[in-house]
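Structure file my_file12.txt; described as compact mmCIF, C-alpha atoms and all ligand atoms.
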# COMPACT_ATOMS: atom_id res chain seq x y z
CA MET F 1298 21.52 2.48 21.14
CA PRO F 1299 19.37 5.57 20.60
CA ASP F 1300 15.90 4.65 19.42
CA GLY F 1301 15.85 7.02 16.46
CA GLY F 1302 12.71 8.73 17.79
CA PHE F 1303 11.68 11.65 15.69
CA ALA F 1304 8.94 13.59 17.40
CA ASP F 1305 10.72 16.85 16.64
CA VAL F 1306 10.88 16.13 12.93
CA TYR F 1307 7.48 14.59 12.29
CA SER F 1308 5.13 16.08 14.81
CA PRO F 1309 2.26 17.97 13.17
CA ARG F 1310 3.12 21.49 12.29
CA LYS F 1311 1.50 24.30 10.41
CA VAL F 1312 3.67 24.02 7.37
CA LEU F 1313 2.59 27.24 5.73
CA ASP F 1314 3.36 29.21 8.88
CA ASP F 1315 6.81 27.68 9.02
CA PRO F 1316 9.28 29.78 7.00
CA SER F 1317 11.49 26.74 6.43
CA PHE F 1318 8.76 25.14 4.28
CA ARG F 1319 7.80 26.88 1.04
CA VAL F 1320 5.16 26.00 -1.54
CA LEU F 1321 6.68 26.27 -5.02
CA GLU F 1322 4.91 28.23 -7.75
CA SER F 1323 3.40 25.84 -10.29
CA ASN F 1324 5.86 26.97 -13.00
CA GLU F 1325 8.87 27.21 -10.68
CA LYS F 1326 11.82 24.91 -11.38
CA PRO F 1327 13.37 23.68 -8.12
CA SER F 1328 17.14 23.52 -7.80
CA PRO F 1329 18.54 20.01 -8.40
CA ASP F 1330 19.49 19.33 -4.78
CA ALA F 1331 16.53 21.04 -3.08
CA ASN F 1332 14.56 18.86 -0.68
CA ILE F 1333 11.29 18.91 -2.57
CA ALA F 1334 8.20 16.91 -1.70
CA ALA F 1335 4.59 16.67 -2.92
CA PHE F 1336 2.04 17.85 -0.35
CA TYR F 1337 -1.75 17.67 -0.35
CA ASN F 1338 -3.99 19.88 1.77
CA PRO F 1339 -7.61 20.25 2.96
CA ASN F 1340 -8.43 22.35 -0.14
CA HIS F 1341 -7.80 19.27 -2.33
CA GLU F 1342 -4.67 20.83 -3.81
CA ILE F 1343 -1.45 19.02 -4.51
CA HIS F 1344 1.77 20.97 -4.95
CA LEU F 1345 5.52 20.82 -4.60
CA VAL F 1346 6.94 22.04 -1.32
CA GLU F 1347 10.56 22.83 -0.62
CA LYS F 1348 11.71 21.97 2.89
CA PRO F 1349 15.06 21.90 4.65
CA ARG F 1350 17.41 18.97 4.19
CA PRO F 1351 17.38 17.40 7.65
CA ARG F 1352 20.40 16.12 9.62
CA PRO F 1353 20.12 12.74 11.32
CA ASN F 1354 19.72 12.74 15.08
CA PRO F 1355 21.11 9.82 17.10
CA GLY F 1356 19.64 6.55 15.82
CA GLN F 1357 18.45 8.09 12.56
CA VAL F 1358 19.50 7.68 8.96
CA LEU F 1359 19.19 10.19 6.14
CA VAL F 1360 18.02 8.46 2.97
CA HIS F 1361 18.10 9.78 -0.57
CA VAL F 1362 14.69 8.54 -1.71
CA ARG F 1363 15.14 7.05 -5.18
CA SER F 1364 11.75 5.53 -5.91
CA THR F 1365 8.25 6.09 -4.51
CA GLY F 1366 5.01 4.56 -5.69
CA ILE F 1367 1.73 6.44 -5.41
CA CYS F 1368 -0.80 4.54 -3.30
CA GLY F 1369 -4.56 4.89 -3.72
CA SER F 1370 -4.65 6.29 -0.18
CA ASP F 1371 -2.40 9.22 -1.19
CA VAL F 1372 -4.81 10.06 -3.99
CA HIS F 1373 -7.76 9.61 -1.64
CA PHE F 1374 -6.32 11.97 0.98
CA TRP F 1375 -5.70 14.56 -1.75
CA LYS F 1376 -9.10 14.25 -3.43
CA HIS F 1377 -11.37 13.45 -0.47
CA GLY F 1378 -9.43 14.75 2.54
CA ARG F 1379 -10.02 11.75 4.78
CA ILE F 1380 -10.12 7.99 5.15
CA GLY F 1381 -12.71 6.87 7.68
CA ASP F 1382 -13.28 8.84 10.86
CA SER F 1383 -9.76 8.98 12.23
CA MET F 1384 -7.48 9.87 9.31
CA ILE F 1385 -8.37 13.43 8.33
CA VAL F 1386 -6.40 16.01 6.35
CA THR F 1387 -6.47 19.17 8.44
CA ASP F 1388 -3.26 20.80 7.24
CA GLU F 1389 -0.63 20.53 4.55
CA CYS F 1390 0.62 16.93 4.55
CA GLY F 1391 3.48 15.28 2.68
CA SER F 1392 2.52 12.33 0.46
CA GLY F 1393 4.05 8.93 -0.24
CA HIS F 1394 4.78 5.85 1.83
CA GLU F 1395 5.97 3.30 -0.75
CA SER F 1396 9.65 4.24 -0.90
CA ALA F 1397 13.16 2.89 -1.29
CA GLY F 1398 16.45 4.72 -1.50
CA GLU F 1399 20.08 5.04 -0.66
CA VAL F 1400 21.65 5.87 2.70
CA VAL F 1401 23.56 9.17 2.60
CA GLU F 1402 24.31 9.96 6.24
CA VAL F 1403 23.89 8.22 9.59
CA GLY F 1404 23.33 9.66 13.05
CA GLU F 1405 25.27 8.92 16.20
CA GLY F 1406 25.09 5.31 17.37
CA VAL F 1407 24.03 3.89 14.00
CA THR F 1408 26.37 1.03 13.19
CA GLN F 1409 24.35 -1.16 10.82
CA TRP F 1410 24.10 1.37 7.97
CA LYS F 1411 26.63 3.37 6.00
CA ALA F 1412 26.48 5.76 3.06
CA GLY F 1413 25.66 3.91 -0.15
CA ASP F 1414 23.57 1.13 1.43
CA ARG F 1415 20.37 0.44 -0.50
CA VAL F 1416 17.20 0.20 1.58
CA ALA F 1417 13.44 -0.18 1.56
CA ILE F 1418 11.81 2.26 3.96
CA GLU F 1419 9.20 0.70 6.26
CA ALA F 1420 6.19 3.00 5.97
CA GLY F 1421 4.90 2.70 9.53
CA VAL F 1422 7.21 3.16 12.49
CA PRO F 1423 5.66 1.97 15.75
CA CYS F 1424 6.64 3.27 19.21
CA SER F 1425 8.65 0.11 20.02
CA LYS F 1426 8.34 0.75 23.77
CA PRO F 1427 8.29 -2.28 26.09
CA SER F 1428 5.20 -0.74 27.71
CA CYS F 1429 3.29 -1.09 24.40
CA ASP F 1430 1.72 -4.55 24.35
CA TYR F 1431 1.29 -4.58 20.58
CA CYS F 1432 4.88 -3.61 19.89
CA ARG F 1433 6.17 -6.03 22.52
CA VAL F 1434 4.38 -9.03 20.97
CA GLY F 1435 5.29 -8.03 17.40
CA ARG F 1436 1.80 -7.04 16.23
CA TYR F 1437 3.07 -3.53 15.80
CA ASN F 1438 0.53 -2.58 13.11
CA ALA F 1439 -1.80 -2.07 16.08
CA CYS F 1440 0.56 0.31 17.90
CA PRO F 1441 -1.55 3.31 18.95
CA ASP F 1442 1.47 5.58 18.58
CA VAL F 1443 2.60 4.45 15.14
CA VAL F 1444 3.94 7.10 12.79
CA PHE F 1445 2.57 6.04 9.43
CA PHE F 1446 4.11 8.22 6.76
CA SER F 1447 1.69 10.19 4.56
CA THR F 1448 -1.24 9.44 6.80
CA PRO F 1449 -2.08 12.80 8.42
CA PRO F 1450 -0.65 14.31 10.54
CA PHE F 1451 2.61 12.68 9.47
CA HIS F 1452 4.37 13.82 6.34
CA GLY F 1453 5.27 11.24 3.71
CA THR F 1454 8.46 9.65 2.48
CA LEU F 1455 8.11 11.23 -0.96
CA SER F 1456 10.86 13.81 -0.75
CA ARG F 1457 14.44 13.94 -1.94
CA TRP F 1458 15.90 13.51 1.55
CA HIS F 1459 14.03 11.50 4.15
CA LEU F 1460 14.99 10.90 7.77
CA HIS F 1461 14.18 7.45 9.18
CA PRO F 1462 14.96 5.45 12.32
CA ALA F 1463 17.78 3.00 11.56
CA ALA F 1464 15.82 0.02 12.85
CA TRP F 1465 12.99 0.48 10.33
CA LEU F 1466 15.01 0.27 7.15
CA HIS F 1467 15.45 -3.00 5.27
CA ARG F 1468 18.50 -3.90 3.21
CA LEU F 1469 17.96 -4.41 -0.51
CA PRO F 1470 20.24 -6.87 -2.24
CA ASP F 1471 21.87 -5.59 -5.45
CA SER F 1472 19.48 -7.73 -7.50
CA VAL F 1473 16.44 -5.82 -6.17
CA SER F 1474 15.94 -2.41 -7.78
CA PHE F 1475 14.77 0.68 -5.90
CA GLU F 1476 11.52 0.41 -7.81
CA GLU F 1477 10.99 -3.16 -6.60
CA GLY F 1478 12.04 -2.08 -3.11
CA SER F 1479 9.29 0.52 -3.04
CA LEU F 1480 6.76 -2.06 -4.27
CA CYS F 1481 7.60 -4.11 -1.17
CA GLU F 1482 5.18 -1.81 0.69
CA PRO F 1483 1.96 -2.84 -1.12
CA LEU F 1484 3.40 -6.36 -1.32
CA ALA F 1485 3.72 -6.31 2.48
CA VAL F 1486 -0.03 -5.66 2.71
CA ALA F 1487 -0.78 -8.74 0.60
CA LEU F 1488 1.78 -10.92 2.38
CA ALA F 1489 0.37 -10.01 5.78
CA GLY F 1490 -3.00 -11.17 4.48
CA ILE F 1491 -1.59 -14.39 3.04
CA GLU F 1492 0.12 -15.13 6.36
CA ARG F 1493 -3.13 -14.76 8.30
CA CYS F 1494 -5.65 -16.24 5.85
CA GLY F 1495 -4.37 -19.81 6.10
CA LEU F 1496 -3.97 -20.40 2.34
CA ARG F 1497 -2.70 -23.93 1.58
CA LEU F 1498 -1.25 -25.46 -1.59
CA GLY F 1499 -4.00 -26.13 -4.13
CA ASP F 1500 -6.70 -24.02 -2.45
CA SER F 1501 -9.20 -22.57 -4.93
CA THR F 1502 -8.98 -18.82 -4.45
CA LEU F 1503 -10.88 -15.74 -5.50
CA ILE F 1504 -9.33 -12.28 -5.61
CA CYS F 1505 -11.88 -9.46 -5.76
CA GLY F 1506 -10.49 -6.36 -7.48
CA ALA F 1507 -7.55 -6.10 -9.87
CA GLY F 1508 -6.04 -2.85 -8.60
CA PRO F 1509 -2.47 -2.80 -7.22
CA ILE F 1510 -3.49 -4.57 -4.00
CA GLY F 1511 -5.51 -7.21 -5.85
CA LEU F 1512 -2.59 -7.73 -8.23
CA VAL F 1513 0.09 -8.13 -5.54
CA SER F 1514 -2.33 -10.50 -3.81
CA LEU F 1515 -2.70 -12.39 -7.08
CA LEU F 1516 1.09 -12.69 -7.41
CA SER F 1517 1.31 -13.83 -3.79
CA VAL F 1518 -1.41 -16.50 -3.93
CA ARG F 1519 0.09 -17.80 -7.18
CA ALA F 1520 3.50 -18.06 -5.47
CA ALA F 1521 1.83 -19.77 -2.50
CA GLY F 1522 0.29 -22.43 -4.75
CA ALA F 1523 -3.39 -21.47 -5.01
CA GLU F 1524 -5.23 -23.20 -7.88
CA PRO F 1525 -7.50 -22.31 -9.54
CA ILE F 1526 -7.39 -18.55 -9.07
CA VAL F 1527 -10.23 -16.28 -10.18
CA ILE F 1528 -9.97 -12.49 -10.20
CA THR F 1529 -12.80 -9.97 -10.63
CA ASP F 1530 -13.00 -6.34 -11.59
CA LEU F 1531 -15.44 -3.83 -13.01
CA PHE F 1532 -13.00 -2.94 -15.80
CA GLN F 1533 -11.88 -5.26 -18.59
CA ASN F 1534 -8.51 -3.48 -18.95
CA ARG F 1535 -7.66 -4.29 -15.33
CA LEU F 1536 -8.60 -7.95 -15.91
CA ASP F 1537 -6.48 -8.00 -19.07
CA PHE F 1538 -3.57 -6.66 -17.01
CA ALA F 1539 -4.08 -9.42 -14.43
CA LYS F 1540 -4.13 -12.05 -17.17
CA LYS F 1541 -0.86 -10.77 -18.60
CA LEU F 1542 0.69 -10.80 -15.13
CA VAL F 1543 -0.46 -14.34 -14.26
CA PRO F 1544 -1.58 -16.07 -17.46
CA GLY F 1545 -3.27 -18.93 -15.61
CA VAL F 1546 -5.71 -16.68 -13.75
CA ARG F 1547 -9.40 -16.86 -14.65
CA THR F 1548 -11.07 -13.47 -15.01
CA VAL F 1549 -14.62 -12.38 -14.29
CA LEU F 1550 -15.97 -9.00 -15.35
CA ILE F 1551 -18.46 -7.73 -12.76
CA GLU F 1552 -21.25 -5.78 -14.38
CA ARG F 1553 -22.43 -2.67 -12.56
CA GLY F 1554 -26.00 -3.15 -11.42
CA SER F 1555 -25.75 -6.94 -11.24
CA THR F 1556 -26.62 -8.54 -7.92
CA PRO F 1557 -23.93 -10.18 -5.78
CA GLN F 1558 -25.63 -13.54 -6.41
CA GLU F 1559 -25.34 -12.98 -10.18
CA SER F 1560 -21.66 -12.08 -9.77
CA ALA F 1561 -21.14 -15.16 -7.63
CA ASP F 1562 -22.74 -17.35 -10.33
CA LYS F 1563 -20.11 -16.10 -12.78
CA ILE F 1564 -17.30 -16.55 -10.26
CA ARG F 1565 -18.36 -20.12 -9.45
CA ALA F 1566 -18.59 -20.92 -13.15
CA ALA F 1567 -15.05 -19.62 -13.67
CA ALA F 1568 -13.74 -21.52 -10.64
CA GLU F 1569 -15.71 -24.67 -11.58
CA GLY F 1570 -17.18 -24.67 -8.10
CA THR F 1571 -17.15 -22.66 -4.94
CA VAL F 1572 -13.81 -21.30 -3.72
CA LYS F 1573 -12.16 -22.12 -0.43
CA LEU F 1574 -10.77 -18.66 0.04
CA ALA F 1575 -11.87 -15.23 -1.16
CA ILE F 1576 -9.41 -12.36 -0.76
CA GLU F 1577 -11.41 -9.16 -1.02
CA CYS F 1578 -9.40 -6.20 -2.35
CA THR F 1579 -12.05 -3.58 -3.17
CA GLY F 1580 -13.82 -2.77 0.10
CA ALA F 1581 -17.10 -2.50 -1.85
CA GLU F 1582 -20.08 -4.00 -0.03
CA SER F 1583 -21.43 -5.72 -3.17
CA SER F 1584 -18.04 -7.31 -3.74
CA VAL F 1585 -17.84 -8.61 -0.17
CA HIS F 1586 -21.28 -10.15 -0.73
CA ALA F 1587 -20.25 -11.69 -4.05
CA ALA F 1588 -17.19 -13.13 -2.29
CA ALA F 1589 -19.39 -14.64 0.42
CA TYR F 1590 -21.75 -16.25 -2.11
CA SER F 1591 -18.78 -17.71 -3.99
CA THR F 1592 -17.20 -19.34 -0.94
CA GLN F 1593 -17.67 -22.96 0.09
CA PHE F 1594 -18.88 -24.34 3.41
CA GLY F 1595 -16.10 -23.85 5.93
CA GLY F 1596 -14.23 -21.39 3.69
CA LYS F 1597 -13.04 -17.89 4.40
CA VAL F 1598 -13.65 -14.37 3.16
CA PHE F 1599 -10.51 -12.42 3.93
CA ILE F 1600 -11.00 -8.67 3.57
CA ILE F 1601 -8.08 -6.39 2.72
CA GLY F 1602 -10.13 -3.70 0.95
CA VAL F 1603 -11.38 -0.77 2.99
CA GLY F 1604 -14.68 0.95 2.35
CA LYS F 1605 -17.73 2.50 3.95
CA ASN F 1606 -17.70 2.79 7.74
CA GLU F 1607 -20.76 0.58 8.08
CA GLN F 1608 -21.67 -2.27 5.75
CA LEU F 1609 -24.20 -5.10 5.75
CA LEU F 1610 -23.11 -8.74 5.62
CA PRO F 1611 -25.10 -11.69 4.16
CA PHE F 1612 -25.41 -12.92 7.72
CA MET F 1613 -27.41 -16.12 7.31
CA HIS F 1614 -25.43 -17.27 4.29
CA LEU F 1615 -22.20 -16.85 6.25
CA SER F 1616 -23.73 -18.52 9.29
CA ALA F 1617 -25.29 -21.50 7.52
CA ASN F 1618 -22.03 -22.11 5.66
CA GLU F 1619 -19.58 -21.60 8.54
CA ILE F 1620 -17.72 -19.04 6.44
CA ASP F 1621 -15.11 -17.13 8.43
CA VAL F 1622 -14.74 -13.41 7.80
CA SER F 1623 -11.38 -11.82 8.63
CA PHE F 1624 -9.74 -8.46 8.04
CA GLN F 1625 -6.24 -7.15 7.49
CA TYR F 1626 -4.94 -3.83 8.80
CA ARG F 1627 -1.65 -2.82 7.19
CA TYR F 1628 1.10 -5.31 8.19
CA ALA F 1629 3.81 -6.27 10.62
CA ASN F 1630 7.08 -8.13 10.00
CA GLN F 1631 6.55 -8.42 6.23
CA TYR F 1632 9.30 -6.35 4.56
CA PRO F 1633 12.13 -8.91 4.97
CA LYS F 1634 9.86 -11.60 3.54
CA ALA F 1635 8.77 -9.35 0.66
CA ILE F 1636 12.39 -8.58 -0.22
CA ARG F 1637 13.32 -12.31 -0.07
CA LEU F 1638 10.42 -13.27 -2.34
CA VAL F 1639 11.32 -10.59 -4.89
CA ALA F 1640 15.07 -11.35 -4.73
CA GLY F 1641 14.38 -15.08 -5.00
CA GLY F 1642 12.27 -14.61 -8.11
CA LEU F 1643 9.06 -16.03 -6.62
CA ILE F 1644 7.22 -12.75 -7.00
CA ASN F 1645 7.85 -10.38 -9.90
CA VAL F 1646 6.40 -6.97 -9.09
CA LYS F 1647 8.17 -5.12 -11.93
CA PRO F 1648 5.30 -5.30 -14.46
CA LEU F 1649 3.04 -3.36 -12.08
CA VAL F 1650 4.87 -0.10 -12.84
CA THR F 1651 3.06 1.52 -15.75
CA HIS F 1652 4.24 5.14 -15.41
CA ARG F 1653 7.44 6.80 -14.20
CA PHE F 1654 7.99 10.49 -13.36
CA LYS F 1655 10.87 12.59 -12.07
CA LEU F 1656 10.55 14.01 -8.56
CA GLU F 1657 10.17 17.52 -10.05
CA ASP F 1658 7.12 16.24 -11.92
CA ALA F 1659 5.45 14.64 -8.91
CA VAL F 1660 2.31 16.76 -9.32
CA SER F 1661 1.81 15.44 -12.87
CA ALA F 1662 2.38 11.92 -11.52
CA PHE F 1663 -0.48 12.41 -9.06
CA HIS F 1664 -2.79 13.62 -11.82
CA VAL F 1665 -2.07 10.50 -13.86
CA ALA F 1666 -2.57 8.24 -10.84
CA ALA F 1667 -5.93 9.87 -10.11
CA ASP F 1668 -7.28 9.68 -13.68
CA PRO F 1669 -8.73 6.24 -14.48
CA SER F 1670 -8.68 6.98 -18.22
CA GLN F 1671 -4.83 6.90 -18.09
CA GLY F 1672 -4.93 3.18 -17.26
CA ALA F 1673 -2.21 3.42 -14.62
CA ILE F 1674 -1.60 0.56 -12.23
CA LYS F 1675 1.41 1.83 -10.30
CA VAL F 1676 2.81 5.30 -10.88
CA GLN F 1677 6.38 5.73 -9.67
CA ILE F 1678 8.25 8.92 -8.85
CA GLN F 1679 12.00 8.54 -9.16
CA ASP F 1680 15.06 10.61 -8.37
N1 LIG F 1701 -6.12 -3.27 4.73
C1 LIG F 1701 -5.07 -2.51 4.46
O1 LIG F 1701 -4.17 -2.34 5.26
C2 LIG F 1701 -4.97 -1.87 3.13
C3 LIG F 1701 -3.74 -1.39 2.66
C4 LIG F 1701 -3.69 -0.82 1.37
C5 LIG F 1701 -4.85 -0.71 0.63
N2 LIG F 1701 -6.03 -1.16 1.16
C6 LIG F 1701 -7.29 -1.09 0.42
O2 LIG F 1701 -7.31 -2.12 -0.56
C7 LIG F 1701 -8.20 -1.77 -1.60
C8 LIG F 1701 -7.52 -1.93 -2.94
O3 LIG F 1701 -6.46 -1.02 -3.07
P1 LIG F 1701 -5.95 -0.64 -4.54
O4 LIG F 1701 -4.82 0.28 -4.36
O5 LIG F 1701 -5.76 -1.87 -5.33
O6 LIG F 1701 -7.25 0.17 -5.04
P2 LIG F 1701 -7.83 0.43 -6.50
O7 LIG F 1701 -8.97 1.33 -6.32
O8 LIG F 1701 -6.74 0.80 -7.44
O9 LIG F 1701 -8.36 -1.00 -6.97
C9 LIG F 1701 -9.59 -1.52 -6.62
C10 LIG F 1701 -10.10 -2.29 -7.82
O10 LIG F 1701 -11.34 -2.89 -7.45
C11 LIG F 1701 -12.23 -2.76 -8.54
N3 LIG F 1701 -13.61 -2.82 -8.02
C12 LIG F 1701 -14.33 -1.86 -7.40
N4 LIG F 1701 -15.55 -2.32 -7.08
C13 LIG F 1701 -15.59 -3.60 -7.48
C14 LIG F 1701 -16.58 -4.62 -7.42
N5 LIG F 1701 -17.77 -4.39 -6.88
N6 LIG F 1701 -16.26 -5.84 -7.91
C15 LIG F 1701 -15.06 -6.08 -8.47
N7 LIG F 1701 -14.08 -5.15 -8.57
C16 LIG F 1701 -14.35 -3.93 -8.08
C17 LIG F 1701 -11.89 -1.42 -9.16
O11 LIG F 1701 -12.33 -1.34 -10.51
C18 LIG F 1701 -10.37 -1.40 -9.03
O12 LIG F 1701 -9.72 -1.92 -10.18
C19 LIG F 1701 -8.65 -0.32 -1.30
O13 LIG F 1701 -9.88 -0.37 -0.61
C20 LIG F 1701 -7.55 0.15 -0.38
O14 LIG F 1701 -7.97 1.21 0.44
C21 LIG F 1701 -6.11 -1.73 2.37
O1 LIG F 1702 -0.33 0.80 2.36
C1 LIG F 1702 -0.86 1.13 3.58
C2 LIG F 1702 -2.11 1.93 3.44
O2 LIG F 1702 -2.13 2.72 2.32
C3 LIG F 1702 -2.43 2.69 4.69
O3 LIG F 1702 -3.04 1.85 5.61
C4 LIG F 1702 -3.30 3.90 4.39
O4 LIG F 1702 -4.30 3.51 3.50
C5 LIG F 1702 -3.97 4.51 5.56
O5 LIG F 1702 -3.07 4.89 6.51
ZN ZN F 1703 -0.59 2.36 0.85
ZN ZN F 1704 3.76 0.69 20.21
Translate the structure of the given file into structure tokens.
Amino acid sequence: MPDGGFADVYSPRKVLDDPSFRVLESNEKPSPDANIAAFYNPNHEIHLVEKPRPRPNPGQVLVHVRSTGICGSDVHFWKHGRIGDSMIVTDECGSGHESAGEVVEVGEGVTQWKAGDRVAIEAGVPCSKPSCDYCRVGRYNACPDVVFFSTPPFHGTLSRWHLHPAAWLHRLPDSVSFEEGSLCEPLAVALAGIERCGLRLGDSTLICGAGPIGLVSLLSVRAAGAEPIVITDLFQNRLDFAKKLVPGVRTVLIERGSTPQESADKIRAAAEGTVKLAIECTGAESSVHAAAYSTQFGGKVFIIGVGKNEQLLPFMHLSANEIDVSFQYRYANQYPKAIRLVAGGLINVKPLVTHRFKLEDAVSAFHVAADPSQGAIKVQIQD
């Protein structure tokens, strides 16, 4: 079976020097079957690009991408040009990694997919070589040679036609929409965290941050039986959204300028005690501290949020309370579980979608996603 490798298709290239890629004029209307995509670049621009419709090589599948959610990281790469020290926008780069679609064509040797199959597209494709320890043991989120779509230098899945290795697509049952299929990507992040954080039925749990990741984490800990659940945010409208999503959740508005201890006082009051588990989904240092001060002896602060390269920890509080601190980096082996949980009705991700745009209007979609005054949670681009 060919491995569906795709170095030729996805290796970094100077898009603007390549005549087969063309940046569309801002008022230009693309033809209905053109392979358009939204690209960001080091000048903090975002624009539509037309690129060739690829043909699948052996082991590959051509997918008509039907739904893609905009992730905060896409907006961050566009606006700030980097995440941390290793992910840097140095060239034009295609956006999007939360995608689902329909198989249109399969390459030689692909037997498990046929035209018309509905799939979620796994956003990170690791090398899968037996010589790679991380791939071999299944912790493939650590693969040093992973191709993670829309993290530079790899173009994203947000295009009309996307080529993917057959082994890294996941079947969607008819009951799961393309939109829900694309939301399986952020859900996979939360589920990977839930798997590793040791949450047990009835554990009192804090979620810090009510953005998309905090909200899918909220849905996940609710499904896993956490009680009570407290969620924090700096914005009341995000807390209101969380309350509508999971009516039983207790909300705490964090006031800018308050100390982490003051925030923790409010969190403990809402939880009626310290929490056993804090799932941190902001990456903000003050929020990590508030989580630590809210957690009970022997509890855990589990950090999904990403933030500044170097941060302080309330060392002696963590030490004197035997509080574990753990981190999550993307995910491995979570898509099938995410799809089962959505199909089985245990997790309803549908309400997270607040805005929908056509592929032709992807640039407008990005502007809405990047503007907090629009109140978007998840912006979807659909074709
Ligand atoms: N570990 C991973 O693999 C992984 C994967 C995806 C996203 N992330 C990270 O998860 C985090 C959340 O992602 P998102 O898409 O939900 O982002 P987001 O920015 O939409 O949401 C973060 C929320 O946290 C709130 N917030 C900020 N500071 C706060 C504070 N001090 N106290 C309480 N709330 C605060 C914000 O108001 C916002 O609503 C980001 O840091 C993102 O980069 C990590
Ligand atoms: O959903 C996955 C995340 O967005 C990625 O890790 C990205 O932030 C960096 O590559
Ligand atoms: Zn993402
Ligand atoms: Zn590997």
Show me a table, sorted first by chain and then by increasing residue number, of the residues of chain F having an atom at most 7 Å from ligand LIG 1701 (chain F), each with its shortest atom pair and the distance in Å to one decimal, counting all atoms listed in the file and written as a Markdown table.
| residue | atom | partner | partner_atom | distance |
| --- | --- | --- | --- | --- |
| F:Cys1368 | CA | F:LIG1701 | O4 | 6.0 |
| F:Gly1369 | CA | F:LIG1701 | O4 | 4.7 |
| F:Ser1370 | CA | F:LIG1701 | O14 | 6.1 |
| F:Pro1483 | CA | F:LIG1701 | C4 | 6.5 |
| F:Val1486 | CA | F:LIG1701 | C3 | 5.7 |
| F:Cys1505 | CA | F:LIG1701 | C15 | 5.4 |
| F:Gly1506 | CA | F:LIG1701 | O10 | 3.6 |
| F:Ala1507 | CA | F:LIG1701 | O12 | 4.7 |
| F:Gly1508 | CA | F:LIG1701 | O9 | 3.4 |
| F:Pro1509 | CA | F:LIG1701 | O5 | 3.9 |
| F:Ile1510 | CA | F:LIG1701 | O5 | 3.8 |
| F:Gly1511 | CA | F:LIG1701 | O5 | 5.4 |
| F:Thr1529 | CA | F:LIG1701 | C15 | 5.0 |
| F:Asp1530 | CA | F:LIG1701 | N7 | 3.4 |
| F:Leu1531 | CA | F:LIG1701 | O11 | 4.7 |
| F:Phe1532 | CA | F:LIG1701 | O11 | 5.6 |
| F:Arg1535 | CA | F:LIG1701 | O12 | 6.0 |
| F:Ile1551 | CA | F:LIG1701 | N6 | 5.7 |
| F:Cys1578 | CA | F:LIG1701 | C7 | 4.7 |
| F:Thr1579 | CA | F:LIG1701 | O10 | 4.4 |
| F:Gly1580 | CA | F:LIG1701 | O13 | 4.7 |
| F:Ala1581 | CA | F:LIG1701 | N5 | 5.4 |
| F:Ser1583 | CA | F:LIG1701 | N5 | 5.4 |
| F:Ser1584 | CA | F:LIG1701 | N5 | 4.3 |
| F:Ile1601 | CA | F:LIG1701 | N1 | 4.2 |
| F:Gly1602 | CA | F:LIG1701 | O2 | 3.6 |
| F:Val1603 | CA | F:LIG1701 | O13 | 3.9 |
| F:Gly1604 | CA | F:LIG1701 | O13 | 5.8 |
| F:Gln1625 | CA | F:LIG1701 | N1 | 4.8 |
| F:Tyr1626 | CA | F:LIG1701 | O1 | 3.9 |
| F:Arg1627 | CA | F:LIG1701 | O1 | 3.2 |
| F:Tyr1628 | CA | F:LIG1701 | O1 | 6.7 |
Given the selection you just returned, output its residues as a file containing C-alpha atoms, formatted as a compact mmCIF listing (two decimals), keeping the file's coordinate frame.
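Listed below is the output, selection.txt:
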# COMPACT_ATOMS: atom_id res chain seq x y z
CA CYS F 1368 -0.80 4.54 -3.30
CA GLY F 1369 -4.56 4.89 -3.72
CA SER F 1370 -4.65 6.29 -0.18
CA PRO F 1483 1.96 -2.84 -1.12
CA VAL F 1486 -0.03 -5.66 2.71
CA CYS F 1505 -11.88 -9.46 -5.76
CA GLY F 1506 -10.49 -6.36 -7.48
CA ALA F 1507 -7.55 -6.10 -9.87
CA GLY F 1508 -6.04 -2.85 -8.60
CA PRO F 1509 -2.47 -2.80 -7.22
CA ILE F 1510 -3.49 -4.57 -4.00
CA GLY F 1511 -5.51 -7.21 -5.85
CA THR F 1529 -12.80 -9.97 -10.63
CA ASP F 1530 -13.00 -6.34 -11.59
CA LEU F 1531 -15.44 -3.83 -13.01
CA PHE F 1532 -13.00 -2.94 -15.80
CA ARG F 1535 -7.66 -4.29 -15.33
CA ILE F 1551 -18.46 -7.73 -12.76
CA CYS F 1578 -9.40 -6.20 -2.35
CA THR F 1579 -12.05 -3.58 -3.17
CA GLY F 1580 -13.82 -2.77 0.10
CA ALA F 1581 -17.10 -2.50 -1.85
CA SER F 1583 -21.43 -5.72 -3.17
CA SER F 1584 -18.04 -7.31 -3.74
CA ILE F 1601 -8.08 -6.39 2.72
CA GLY F 1602 -10.13 -3.70 0.95
CA VAL F 1603 -11.38 -0.77 2.99
CA GLY F 1604 -14.68 0.95 2.35
CA GLN F 1625 -6.24 -7.15 7.49
CA TYR F 1626 -4.94 -3.83 8.80
CA ARG F 1627 -1.65 -2.82 7.19
CA TYR F 1628 1.10 -5.31 8.19
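Taking atom O2 of ligand LIG 1702 (chain F) and CA of Asp1442 in chain F as endpoints, the distance between them is 16.9 Å.
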### Query
How would you write as a PyMOL selection string the residues that get within 9 Å of (25.1, 5.3, 9.4) in the file's frame, counting only C-alpha atoms?
chain F and resi 1356-1359+1400-1412+1463
### Residues within 10 Å of (-13.0, -28.7, 6.2), file coords, all atoms listed in the file, listed as a PyMOL selection string
chain F and resi 1573+1593-1596+1619
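Between CA of Ala1521 in chain F and CA of Ala1635 in chain F the interatomic distance comes to 12.9 Å.
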### Atom-to-atom span, CA of Ser1560 in chain F and CA of Ser1623 in chain F, Å
21.1 Å
